[in-house]
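K.L.:
For reference, the file target_38.cif (mmCIF, C-alpha atoms) is included below:
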```cif
data_work
#
loop_
_atom_site.label_atom_id
_atom_site.label_comp_id
_atom_site.auth_asym_id
_atom_site.auth_seq_id
_atom_site.Cartn_x
_atom_site.Cartn_y
_atom_site.Cartn_z
CA MET A 1 0.00 0.00 0.00
CA GLU A 2 1.27 3.47 -0.86
CA ASN A 3 1.94 5.95 1.90
CA PRO A 4 -0.62 8.82 1.68
CA ASN A 5 2.22 11.29 2.03
CA ASP A 6 3.83 9.89 -1.11
CA GLN A 7 0.74 10.85 -3.09
CA ASP A 8 1.51 14.49 -2.33
CA LEU A 9 5.26 14.18 -2.86
CA LEU A 10 5.85 12.28 -6.09
CA ASN A 11 2.48 11.59 -7.63
CA ILE A 12 1.09 12.69 -10.99
CA GLY A 13 -2.43 12.59 -12.33
CA GLN A 14 -3.95 9.86 -14.47
CA GLU A 15 -4.97 12.48 -17.05
CA MET A 16 -1.30 13.25 -17.69
CA ILE A 17 -0.70 9.60 -18.54
CA GLU A 18 -3.57 9.65 -21.00
CA ASN A 19 -2.32 12.85 -22.64
CA TYR A 20 1.08 11.34 -23.48
CA LYS A 21 0.10 7.76 -24.20
CA ASP A 22 1.56 7.78 -27.73
CA ARG A 23 3.95 10.72 -27.76
CA LEU A 24 6.88 12.42 -26.07
CA PRO A 25 6.53 15.70 -24.13
CA ASN A 26 8.57 18.68 -25.30
CA GLU A 27 10.25 16.82 -28.17
CA ASN A 28 9.76 19.85 -30.37
CA LEU A 29 10.17 22.59 -27.80
CA ASP A 30 9.50 25.49 -30.18
CA ALA A 31 6.11 24.00 -31.01
CA THR A 32 5.37 23.46 -27.33
CA ILE A 33 5.79 27.15 -26.57
CA GLU A 34 4.65 28.43 -29.95
CA ASN A 35 2.50 31.06 -28.28
CA VAL A 36 5.66 32.68 -26.84
CA VAL A 37 8.09 32.70 -29.75
CA GLU A 38 5.67 33.07 -32.66
CA ASN A 39 4.96 36.75 -32.15
CA GLN A 40 7.92 38.93 -31.16
CA ASP A 41 5.50 41.54 -29.76
CA HIS A 42 3.66 39.03 -27.60
CA GLN A 43 4.01 39.67 -23.87
CA LEU A 44 5.35 36.77 -21.82
CA GLU A 45 3.16 35.06 -19.27
CA PHE A 46 3.25 36.37 -15.73
CA PHE A 47 6.37 35.07 -13.97
CA SER A 48 5.34 32.87 -11.04
CA VAL A 49 6.72 33.10 -7.51
CA LEU A 50 5.44 30.09 -5.61
CA ASN A 51 4.85 29.17 -2.01
CA SER A 52 5.89 25.52 -2.02
CA ASN A 53 3.62 24.79 0.93
CA LEU A 54 0.66 25.53 -1.33
CA VAL A 55 1.74 23.72 -4.52
CA SER A 56 1.65 19.94 -4.78
CA TYR A 57 4.21 17.92 -6.70
CA ALA A 58 1.58 16.96 -9.30
CA GLU A 59 0.60 20.61 -9.85
CA PHE A 60 4.23 21.67 -10.24
CA TYR A 61 5.00 18.81 -12.61
CA GLU A 62 2.09 19.66 -14.88
CA ASN A 63 2.17 23.47 -14.76
CA PHE A 64 5.92 24.09 -14.79
CA ILE A 65 7.98 21.00 -15.66
CA LEU A 66 5.76 19.69 -18.46
CA ALA A 67 4.79 23.21 -19.51
CA ASN A 68 8.50 24.17 -19.58
CA ARG A 69 7.81 27.37 -17.61
CA PRO A 70 10.31 28.97 -15.22
CA CYS A 71 9.42 29.99 -11.69
CA LEU A 72 10.86 31.03 -8.36
CA LEU A 73 10.20 29.07 -5.17
CA GLU A 74 10.13 30.80 -1.82
CA THR A 75 12.13 29.34 1.05
CA THR A 76 10.75 26.02 2.22
CA ALA A 77 10.69 24.78 5.80
CA ASP A 78 13.03 21.94 4.78
CA MET A 79 15.64 24.37 3.58
CA TYR A 80 16.12 25.87 7.04
CA ASP A 81 17.34 22.43 8.14
CA TRP A 82 20.01 22.16 5.45
CA GLU A 83 23.53 21.87 6.77
CA ALA A 84 24.53 24.43 4.14
CA VAL A 85 21.99 27.01 5.33
CA GLN A 86 22.82 26.50 9.00
CA ASN A 87 26.62 26.56 8.77
CA TRP A 88 27.87 27.97 5.46
CA CYS A 89 26.89 31.54 6.34
CA ILE A 90 27.18 33.55 9.52
CA LYS A 91 25.88 36.83 10.91
CA SER A 92 28.15 39.74 10.10
CA ASP A 93 29.33 42.32 12.61
CA THR A 94 29.48 44.91 9.84
CA GLU A 95 27.46 45.87 6.81
CA ALA A 96 30.47 45.57 4.49
CA ASN A 97 28.87 43.02 2.25
CA SER A 98 25.64 44.98 1.97
CA GLU A 99 27.37 48.30 1.38
CA ALA A 100 29.09 46.81 -1.64
CA VAL A 101 25.74 46.56 -3.43
CA ASP A 102 24.27 49.61 -5.16
CA ASP A 103 21.50 51.52 -3.38
CA SER A 104 18.71 50.12 -5.58
CA LYS A 105 19.42 46.60 -4.26
CA LYS A 106 19.99 47.41 -0.58
CA GLN A 107 16.48 46.44 0.43
CA HIS A 108 17.36 42.86 -0.57
CA CYS A 109 20.62 42.71 1.40
CA SER A 110 21.19 40.69 4.53
CA LEU A 111 23.76 41.11 7.26
CA GLU A 112 25.13 37.62 6.70
CA VAL A 113 28.45 36.72 5.15
CA ILE A 114 30.01 33.49 3.91
CA ASN A 115 31.34 31.47 6.84
CA VAL A 116 34.89 31.23 5.56
CA GLU A 117 36.26 29.71 8.76
CA TYR A 118 33.75 26.83 8.76
CA LEU A 119 34.11 26.06 5.05
CA SER A 120 37.91 26.15 5.28
CA LEU A 121 37.88 23.79 8.23
CA GLN A 122 35.46 21.33 6.60
CA PHE A 123 36.53 21.44 2.96
CA GLY A 124 39.69 23.55 2.73
CA SER A 125 41.79 20.82 1.10
CA CYS A 126 39.26 20.23 -1.71
CA SER A 127 40.46 21.07 -5.19
CA VAL A 128 38.04 23.45 -6.94
CA SER A 129 37.82 25.08 -10.37
CA VAL A 130 37.88 28.86 -10.63
CA THR A 131 37.29 31.14 -13.61
CA ASN A 132 38.25 34.78 -14.05
CA CYS A 133 35.16 36.83 -14.89
CA ASP A 134 37.31 39.68 -16.21
CA ASN A 135 38.50 37.44 -19.05
CA ILE A 136 34.90 36.64 -19.96
CA LEU A 137 34.21 40.36 -20.44
CA GLN A 138 37.27 40.76 -22.64
CA ASN A 139 36.75 37.69 -24.85
CA TYR A 140 33.05 37.01 -24.34
CA GLU A 141 33.51 33.35 -23.80
CA GLU A 142 34.02 31.26 -20.68
CA SER A 143 37.69 31.50 -19.75
CA LYS A 144 39.67 28.41 -18.90
CA CYS A 145 39.31 27.29 -15.32
CA GLU A 146 42.24 27.13 -12.95
CA MET A 147 42.43 24.68 -10.09
CA MET A 148 43.17 25.75 -6.54
CA SER A 149 42.35 24.58 -3.03
CA LEU A 150 39.13 25.82 -1.49
CA SER A 151 41.10 27.35 1.39
CA ASP A 152 43.17 29.40 -1.08
CA TYR A 153 40.03 30.57 -2.87
CA LEU A 154 38.32 31.58 0.39
CA HIS A 155 41.45 33.47 1.43
CA TYR A 156 41.22 35.38 -1.87
CA LEU A 157 37.51 36.02 -1.31
CA LEU A 158 38.12 37.53 2.13
CA ASP A 159 40.85 39.76 0.76
CA TYR A 160 38.74 40.84 -2.24
CA ARG A 161 35.77 41.69 -0.01
CA SER A 162 37.83 43.53 2.61
CA LYS A 163 39.27 45.77 -0.14
CA ARG A 164 35.75 46.44 -1.48
CA TYR A 165 36.13 44.49 -4.76
CA PRO A 166 38.79 46.67 -6.46
CA ALA A 167 39.20 46.64 -10.24
CA SER A 168 42.91 46.02 -9.69
CA MET A 169 42.13 42.49 -8.42
CA PRO A 170 40.67 39.68 -10.55
CA CYS A 171 37.03 38.73 -10.05
CA LEU A 172 37.28 34.98 -9.50
CA TYR A 173 34.23 32.70 -9.57
CA LEU A 174 34.30 29.17 -8.14
CA LYS A 175 32.15 26.97 -10.39
CA ASP A 176 31.13 23.34 -10.80
CA TRP A 177 32.43 22.05 -7.47
CA HIS A 178 31.28 18.40 -7.26
CA LEU A 179 31.00 18.38 -3.47
CA MET A 180 28.26 15.75 -3.28
CA ARG A 181 30.29 13.34 -5.39
CA GLN A 182 33.33 13.93 -3.20
CA ILE A 183 31.26 13.16 -0.10
CA GLU A 184 29.80 9.99 -1.64
CA GLU A 185 33.26 8.81 -2.69
CA ASN A 186 34.51 9.41 0.88
CA LEU A 187 36.97 12.01 -0.34
CA VAL A 188 35.45 14.47 2.12
CA GLU A 189 33.98 13.80 5.55
CA SER A 190 30.75 15.74 5.90
CA ILE A 191 27.09 15.27 6.54
CA ILE A 192 24.90 15.77 3.46
CA PRO A 193 24.72 19.58 3.05
CA TYR A 194 21.24 19.81 1.49
CA LYS A 195 18.13 17.88 0.50
CA ILE A 196 16.86 17.95 -3.06
CA PRO A 197 13.59 19.92 -3.22
CA LYS A 198 10.72 17.52 -3.89
CA TYR A 199 9.78 19.06 -7.24
CA PHE A 200 13.18 18.10 -8.69
CA ALA A 201 13.46 14.59 -7.27
CA SER A 202 12.69 12.88 -10.59
CA ASP A 203 16.23 13.39 -11.90
CA TRP A 204 17.45 10.89 -14.49
CA LEU A 205 20.84 12.54 -15.05
CA ASN A 206 22.02 12.23 -11.47
CA GLU A 207 20.17 8.97 -10.87
CA THR A 208 22.50 7.43 -13.47
CA SER A 209 25.71 9.23 -12.55
CA LYS A 210 27.56 5.96 -11.92
CA GLU A 211 26.68 4.69 -15.39
CA GLN A 212 27.88 7.96 -16.93
CA GLY A 213 30.98 8.35 -14.78
CA ASP A 214 29.89 11.90 -14.00
CA ASP A 215 27.29 13.83 -12.03
CA PHE A 216 25.58 17.20 -12.48
CA ARG A 217 25.42 18.53 -8.91
CA PHE A 218 27.45 21.65 -8.30
CA ILE A 219 28.35 24.27 -5.72
CA TYR A 220 29.05 27.82 -6.93
CA ILE A 221 30.78 30.46 -4.79
CA GLY A 222 31.28 33.95 -6.18
CA PRO A 223 31.96 37.48 -4.97
CA LYS A 224 29.78 40.46 -5.72
CA GLY A 225 30.18 41.22 -9.42
CA SER A 226 30.91 37.68 -10.58
CA TRP A 227 28.71 36.35 -13.34
CA THR A 228 27.94 33.55 -15.79
CA PRO A 229 27.71 34.43 -19.50
CA PHE A 230 24.74 33.88 -21.80
CA HIS A 231 24.03 30.17 -22.30
CA SER A 232 21.48 27.37 -22.15
CA ASP A 233 22.10 24.32 -20.02
CA VAL A 234 23.95 21.18 -21.01
CA TYR A 235 22.13 18.73 -23.34
CA GLY A 236 19.01 20.92 -23.15
CA SER A 237 18.52 19.87 -19.53
CA TYR A 238 16.52 21.58 -16.82
CA SER A 239 18.33 23.25 -13.94
CA TRP A 240 17.48 24.37 -10.45
CA SER A 241 19.55 26.73 -8.33
CA ALA A 242 19.16 27.44 -4.62
CA ASN A 243 20.77 30.46 -2.96
CA VAL A 244 22.36 29.51 0.36
CA ILE A 245 23.48 33.10 0.82
CA GLY A 246 23.52 36.17 -1.39
CA ILE A 247 21.52 37.60 -4.27
CA LYS A 248 21.48 36.74 -7.96
CA LYS A 249 20.01 38.63 -10.90
CA TRP A 250 18.78 36.51 -13.79
CA PHE A 251 17.77 37.40 -17.34
CA LEU A 252 15.75 34.44 -18.71
CA TYR A 253 14.96 34.13 -22.44
CA PRO A 254 12.36 31.65 -23.75
CA PRO A 255 13.46 29.34 -26.60
CA GLY A 256 13.57 31.41 -29.78
CA LYS A 257 14.28 34.73 -28.05
CA GLU A 258 18.02 33.98 -27.94
CA GLU A 259 18.23 34.46 -31.72
CA ARG A 260 18.77 38.21 -31.32
CA PHE A 261 22.24 37.39 -29.92
CA ARG A 262 23.29 34.63 -32.34
CA ARG A 263 26.42 35.46 -34.31
CA SER A 264 27.13 32.21 -36.16
CA GLY A 265 26.41 28.54 -35.50
CA ASN A 266 26.17 28.12 -31.74
CA MET A 267 28.05 31.33 -30.98
CA PHE A 268 26.15 34.05 -29.11
CA LYS A 269 27.19 37.53 -28.01
CA PHE A 270 24.97 39.10 -25.40
CA ASP A 271 24.19 42.78 -25.99
CA PHE A 272 24.41 44.44 -22.59
CA GLN A 273 23.20 47.76 -24.02
CA ASN A 274 20.16 46.24 -25.73
CA PRO A 275 19.09 43.02 -23.97
CA GLY A 276 15.54 43.31 -25.33
CA VAL A 277 12.30 44.36 -23.71
CA GLU A 278 11.62 43.01 -20.23
CA ASN A 279 8.51 40.78 -20.04
CA PHE A 280 8.41 40.61 -23.85
CA ASP A 281 11.84 39.18 -24.68
CA TYR A 282 13.00 38.09 -21.24
CA TYR A 283 12.22 37.95 -17.54
CA GLU A 284 14.39 39.76 -15.02
CA VAL A 285 14.39 37.83 -11.76
CA ILE A 286 16.00 38.79 -8.45
CA GLN A 287 16.74 35.63 -6.44
CA LYS A 288 17.39 36.12 -2.72
CA LYS A 289 18.78 33.88 0.00
CA GLY A 290 16.69 30.76 0.46
CA GLN A 291 14.90 31.02 -2.87
CA VAL A 292 15.13 28.34 -5.56
CA ILE A 293 14.79 29.08 -9.27
CA PHE A 294 13.63 26.56 -11.88
CA VAL A 295 15.14 27.07 -15.36
CA PRO A 296 13.38 24.99 -18.04
CA SER A 297 14.92 23.29 -21.07
CA GLY A 298 16.13 25.54 -23.85
CA TRP A 299 15.83 28.78 -21.87
CA TYR A 300 18.96 30.86 -22.38
CA HIS A 301 20.07 32.94 -19.41
CA ILE A 302 22.76 35.22 -18.04
CA VAL A 303 23.32 35.54 -14.28
CA TRP A 304 25.02 38.09 -12.04
CA ASN A 305 25.89 37.85 -8.34
CA LEU A 306 24.85 41.11 -6.66
CA GLU A 307 26.41 40.04 -3.35
CA ASP A 308 28.88 37.41 -2.27
CA THR A 309 26.86 34.32 -3.06
CA ILE A 310 26.84 30.56 -2.57
CA SER A 311 24.41 28.55 -4.65
CA ILE A 312 23.60 24.88 -5.06
CA ASN A 313 22.87 23.93 -8.67
CA HIS A 314 21.68 20.76 -10.42
CA ASN A 315 21.26 20.01 -14.10
CA TRP A 316 18.66 17.30 -14.63
CA MET A 317 16.30 15.57 -17.01
CA ASN A 318 13.30 13.27 -16.69
CA ALA A 319 10.33 11.97 -18.65
CA ALA A 320 9.09 15.50 -19.34
CA ASN A 321 12.12 16.62 -21.36
CA VAL A 322 13.87 13.40 -22.43
CA GLY A 323 12.35 13.80 -25.90
CA TYR A 324 13.97 17.24 -26.18
CA ILE A 325 17.30 15.83 -24.96
CA TRP A 326 17.05 13.15 -27.67
CA SER A 327 16.21 15.77 -30.30
CA ASN A 328 19.25 17.86 -29.29
CA LEU A 329 21.50 14.80 -29.39
CA LYS A 330 20.40 14.01 -32.95
CA LYS A 331 20.99 17.62 -34.03
CA ALA A 332 24.45 17.59 -32.43
CA LEU A 333 25.33 14.43 -34.39
CA ILE A 334 24.26 16.08 -37.65
CA GLU A 335 26.69 18.93 -36.91
CA VAL A 336 29.48 16.45 -36.14
CA LYS A 337 28.87 14.64 -39.46
CA LYS A 338 29.13 17.92 -41.33
CA GLU A 339 32.40 18.65 -39.57
CA LEU A 340 33.82 15.22 -40.48
CA GLU A 341 32.34 14.92 -43.96
CA ASP A 342 35.78 14.35 -45.53
CA LEU A 343 36.09 11.12 -43.51
CA LYS A 344 32.69 9.68 -44.41
CA ASP A 345 34.16 6.83 -46.51
CA LEU A 346 36.11 5.37 -43.58
CA ILE A 347 34.82 2.03 -42.29
CA ASP A 348 34.62 3.28 -38.71
CA PHE A 349 33.15 6.68 -39.64
CA ARG A 350 30.11 6.28 -37.37
CA GLU A 351 32.22 5.45 -34.33
CA ILE A 352 34.54 8.38 -35.07
CA CYS A 353 31.44 10.59 -35.16
CA GLN A 354 30.25 9.20 -31.82
CA ASN A 355 33.64 9.93 -30.24
CA LEU A 356 33.55 13.54 -31.45
CA LEU A 357 29.89 13.82 -30.41
CA LYS A 358 30.89 12.89 -26.86
CA ALA A 359 33.78 15.36 -26.91
CA ASN A 360 31.69 18.25 -28.28
CA HIS A 361 28.28 17.60 -26.78
CA GLY A 362 29.30 15.74 -23.61
CA MET A 363 27.13 12.74 -24.45
CA ASP A 364 27.04 10.10 -27.20
CA TYR A 365 24.39 7.54 -28.13
CA THR A 366 25.88 4.88 -25.83
CA ILE A 367 25.67 7.11 -22.76
CA PHE A 368 22.13 8.18 -23.63
CA ILE A 369 20.94 4.60 -24.08
CA LYS A 370 22.62 3.58 -20.79
CA ILE A 371 20.71 6.35 -19.00
CA LEU A 372 17.42 5.20 -20.48
CA SER A 373 17.92 1.50 -19.77
CA THR A 374 19.05 2.14 -16.17
CA VAL A 375 16.07 4.37 -15.38
CA PHE A 376 13.75 1.88 -17.07
CA GLU A 377 15.07 -0.94 -14.89
CA ASN A 378 14.84 1.19 -11.74
CA ARG A 379 11.20 2.05 -12.40
CA ARG A 380 10.36 -1.56 -13.12
CA ASN A 381 11.88 -2.36 -9.72
CA GLY A 382 10.05 0.50 -8.03
CA LEU A 383 13.20 2.51 -7.37
CA SER A 384 13.52 6.32 -7.35
CA TYR A 385 16.60 8.53 -7.46
CA THR A 386 16.61 9.50 -3.78
CA SER A 387 15.47 7.58 -0.73
CA SER A 388 13.93 10.78 0.63
CA TYR A 389 11.02 10.44 -1.77
CA HIS A 390 9.06 7.59 -3.30
CA PHE A 391 7.23 7.35 -6.60
CA THR A 392 3.58 6.45 -6.65
CA SER A 393 2.33 3.89 -9.17
CA ASN A 394 1.15 6.66 -11.51
CA HIS A 395 4.58 8.28 -11.59
CA LYS A 396 6.33 4.97 -12.30
CA LYS A 397 3.75 4.22 -14.98
CA PHE A 398 4.32 7.61 -16.62
CA ASP A 399 8.12 7.21 -16.67
CA ILE A 400 7.88 3.70 -18.13
CA MET A 401 5.35 4.80 -20.74
CA ILE A 402 7.57 7.66 -21.94
CA LEU A 403 10.60 5.35 -22.07
CA LYS A 404 8.59 2.85 -24.10
CA ASN A 405 7.49 5.61 -26.49
CA LEU A 406 11.09 6.75 -26.90
CA PHE A 407 12.28 3.19 -27.55
CA ASN A 408 9.66 2.79 -30.29
CA GLU A 409 10.96 5.96 -31.92
CA MET A 410 14.65 5.14 -31.52
CA LYS A 411 14.42 1.61 -32.93
CA HIS A 412 13.32 3.12 -36.26
CA ASP A 413 16.00 5.81 -36.23
CA GLU A 414 18.44 5.23 -39.10
CA GLU A 415 21.50 6.29 -37.12
CA VAL A 416 20.66 3.98 -34.21
CA ARG A 417 20.04 1.03 -36.53
CA GLU A 418 23.23 1.52 -38.53
CA LEU A 419 25.29 2.17 -35.42
CA LEU A 420 24.06 -1.05 -33.82
CA SER A 421 24.65 -3.07 -36.98
CA GLY A 422 28.15 -1.74 -37.56
CA SER A 423 29.54 -1.01 -34.10
CA GLU A 424 31.69 -3.43 -32.15
CA CYS A 425 31.17 -1.44 -28.95
CA GLN A 426 30.06 -4.03 -26.41
CA VAL A 427 28.77 -1.42 -23.97
CA LEU A 428 26.49 0.04 -26.63
CA HIS A 429 25.05 -3.36 -27.54
CA GLU A 430 24.56 -4.34 -23.89
CA ALA A 431 22.76 -1.08 -23.10
CA TRP A 432 20.51 -1.38 -26.16
CA SER A 433 19.70 -5.05 -25.47
CA LYS A 434 18.72 -4.14 -21.93
CA PHE A 435 16.55 -1.26 -23.16
CA GLU A 436 14.97 -3.49 -25.82
CA ASN A 437 14.21 -6.34 -23.41
CA LEU A 438 12.62 -4.02 -20.88
CA SER A 439 10.47 -2.40 -23.56
CA ASN A 440 9.36 -5.67 -25.12
CA ASN A 441 8.54 -7.34 -21.81
CA LEU A 442 5.99 -4.83 -20.56
#
```
What's the structure tokens form of this structure?
P.N.:
Amino acid sequence: MENPNDQDLLNIGQEMIENYKDRLPNENLDATIENVVENQDHQLEFFSVLNSNLVSYAEFYENFILANRPCLLETTADMYDWEAVQNWCIKSDTEANSEAVDDSKKQHCSLEVINVEYLSLQFGSCSVSVTNCDNILQNYEESKCEMMSLSDYLHYLLDYRSKRYPASMPCLYLKDWHLMRQIEENLVESIIPYKIPKYFASDWLNETSKEQGDDFRFIYIGPKGSWTPFHSDVYGSYSWSANVIGIKKWFLYPPGKEERFRRSGNMFKFDFQNPGVENFDYYEVIQKKGQVIFVPSGWYHIVWNLEDTISINHNWMNAANVGYIWSNLKKALIEVKKELEDLKDLIDFREICQNLLKANHGMDYTIFIKILSTVFENRRNGLSYTSSYHFTSNHKKFDIMILKNLFNEMKHDEEVRELLSGSECQVLHEAWSKFENLSNNL
């Protein structure tokens, strides 16, 4: 018997299952949000700020995840219990951090600062990647990351803040710190610093991190003035970002609205002087401490830290956007084939293309099929990504149905068929056989 509480946590409605019985959600994302991108003068929908105590998992899944709509979640009661919230920031004796923000933002400022002493003691020896935001401004592309110890970075951060963020010092942003993976691999001794918000618990990317040899759970630490350039998230995934401390400013562009910044191919140059018209071309969102933002698939964004900020960030996918992930993977392969056209007569051309696809896109067909077959098996066995939440029968049924629909599409895909017939990659064949057996034995 299912726990009544589970119905509220990870349940979806029967109507949703009926709606997607023979198709994939969000496979063609532009068509899904046609009403937004079709008319350049059309005003965007009202941006939602949600009280999570009043929105069920099923409502969020249908109205935001499936609808591919962004939103901001107010602080939840669970978040106050996070180790990160309790110990990674501390009350400040001065208003130095707040004074560093311009007057228009002071109403958002807190008197908390990053707890450098605690973080250094707990994680100081961890190796972290740091990028120089000044180089991004000069070259308009993400500069190469440098590795340093967390203790060295925090020492820099203290010095930078105490000197009031001078232009003579570099603005260094710590990005993509895989702290959770380090904890799970016993490289760091720590209690789990946070709990995944319930709305994002159906997470196929991180559920299959062992199969991929990678995870998509990150800690970001940046001083006031640090920023992330214009981009959409890896593979076309969703993302969520929770502010442990600090304030972020987001510009969010629906799919199609990014075209104003396209220069060539996949190269974009954000126009700071003419970003578009707010609420027509983009949303401007101020995210404060304790708030969590949901960024849907295909939404380009640029983000600034208005204060010293720590955020927890996940990229993720599930049944609602796996069709879009698959569509992006196919498009990425087409680009790779164009790039390697001179080699098309080689016997192992398809495998060469898959290798470059993995290098350029981060994922090849083998990895994608392994993700699908692993999630399929987990749902058949009643397993979810995190033990904190449990899927109801409807949710498991929905996931399995979408996986079955995707299998039926993929088995007729010319590239998949030719790759399977010509490849000697044992891992690929094993993953496909597993996926095929699961689909055929329903």
K.L.:
Have a look at atom CA of Val336 of chain A and atom CA of Asn355 of chain A and let me know their distance in Å, one decimal.
P.N.:
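Interatomic distance here is 9.7 Å.
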K.L.:
Can you tell me, as a ChimeraX atom specification, what residues are no more than 9 Å from Lys434 of chain A when counting all atoms listed in the file, ignoring any on the same chain fewer than 2 positions away?
P.N.:
/A:370,373-374,377,429-432,436-439
K.L.:
Could you write out as an MDAnalysis selection string the residues that the PyMOL selection byres ((chain A and resi 379-391) around 8) matches in the shown file?
P.N.:
chainID A and resid 6 9:11 198 201:204 206:207 375:378 392:396 399:400
K.L.:
Would you translate the PyMOL selection byres ((chain A and resi 357) around 10) into the concrete set of residues it matches in this file, as a PyMOL selection string?
P.N.:
chain A and resi 329-330+332-337+351-356+358-365
K.L.:
Calculate how many Å separate atom CA of Lys248 of chain A from atom CA of Val322 of chain A, rounding to one decimal.
P.N.:
28.5 Å
K.L.:
Quick one: of A:Leu172, A:Ala77, A:Ile367, A:Met410, who's nearest to Cys425 of chain A, counting only C-alpha atoms?
P.N.:
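The closest residue to Cys425 of chain A is A:Ile367.
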K.L.:
When distances are computed from all atoms listed in the file, which of A:Tyr220, A:Asn266, A:Leu50, A:Pro255 shows the smallest separation from Asn63 of chain A?
P.N.:
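So, comparing all the options, the nearest one is A:Leu50.
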K.L.:
Expand the PyMOL selection byres ((chain A and resi 243) around 9) into the explicit residue set it covers here, and present it as a list of chain:residue names.
P.N.:
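Checked against the file, the PyMOL selection byres ((chain A and resi 243) around 9) matches A:Ser241, A:Ala242, A:Val244, A:Ile245, A:Gly246, A:Ile247, A:Lys248, A:Gln287, A:Lys288, A:Lys289, A:Gly290, A:Gln291, A:Val292, A:Ile293, A:Thr309, A:Ile310, A:Ser311, A:Ile312, A:Asn313.
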K.L.:
Restricting the calculation to all atoms listed in the file, which member of A:Met401, A:Leu420, A:Leu54, A:Leu306 is positioned closest to Lys224 of chain A?
P.N.:
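Looking only at the distances to Lys224 of chain A, the closest residue turns out to be A:Leu306.
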K.L.:
For atom CA of Thr131 of chain A and atom CA of Leu174 of chain A, determine how far apart the two atoms are, in Å to one decimal place.
P.N.:
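Between atom CA of Thr131 of chain A and atom CA of Leu174 of chain A the gap is 6.5 Å.
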K.L.:
For Ser237 of chain A, which residue among A:Ala84, A:Val303, A:Ile325, A:Met180 is the nearest when counting all atoms listed in the file?
P.N.:
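Between A:Ala84, A:Val303, A:Ile325, A:Met180, the residue approaching Ser237 of chain A most closely is A:Ile325.
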K.L.:
Would you list the contacts of segment 111-118 of chain A as a list in words, taking every protein, DNA or RNA residue within 6 Å and counting all atoms listed in the file, but skipping same-chain residues closer than 2 positions in sequence?
P.N.:
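Once the nearby chain positions are removed, what remains is Trp88, Cys89, Ile90, Lys91, Ser92, Ser120 and Leu121 of chain A.
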K.L.:
For a quick check of understanding, using all atoms listed in the file, which of A:Leu346, A:Met79, A:Ile369, A:Ile65 has the smallest distance to Ala319 of chain A?
P.N.:
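Answer, going by the shortest atom-to-atom distance: A:Ile65.
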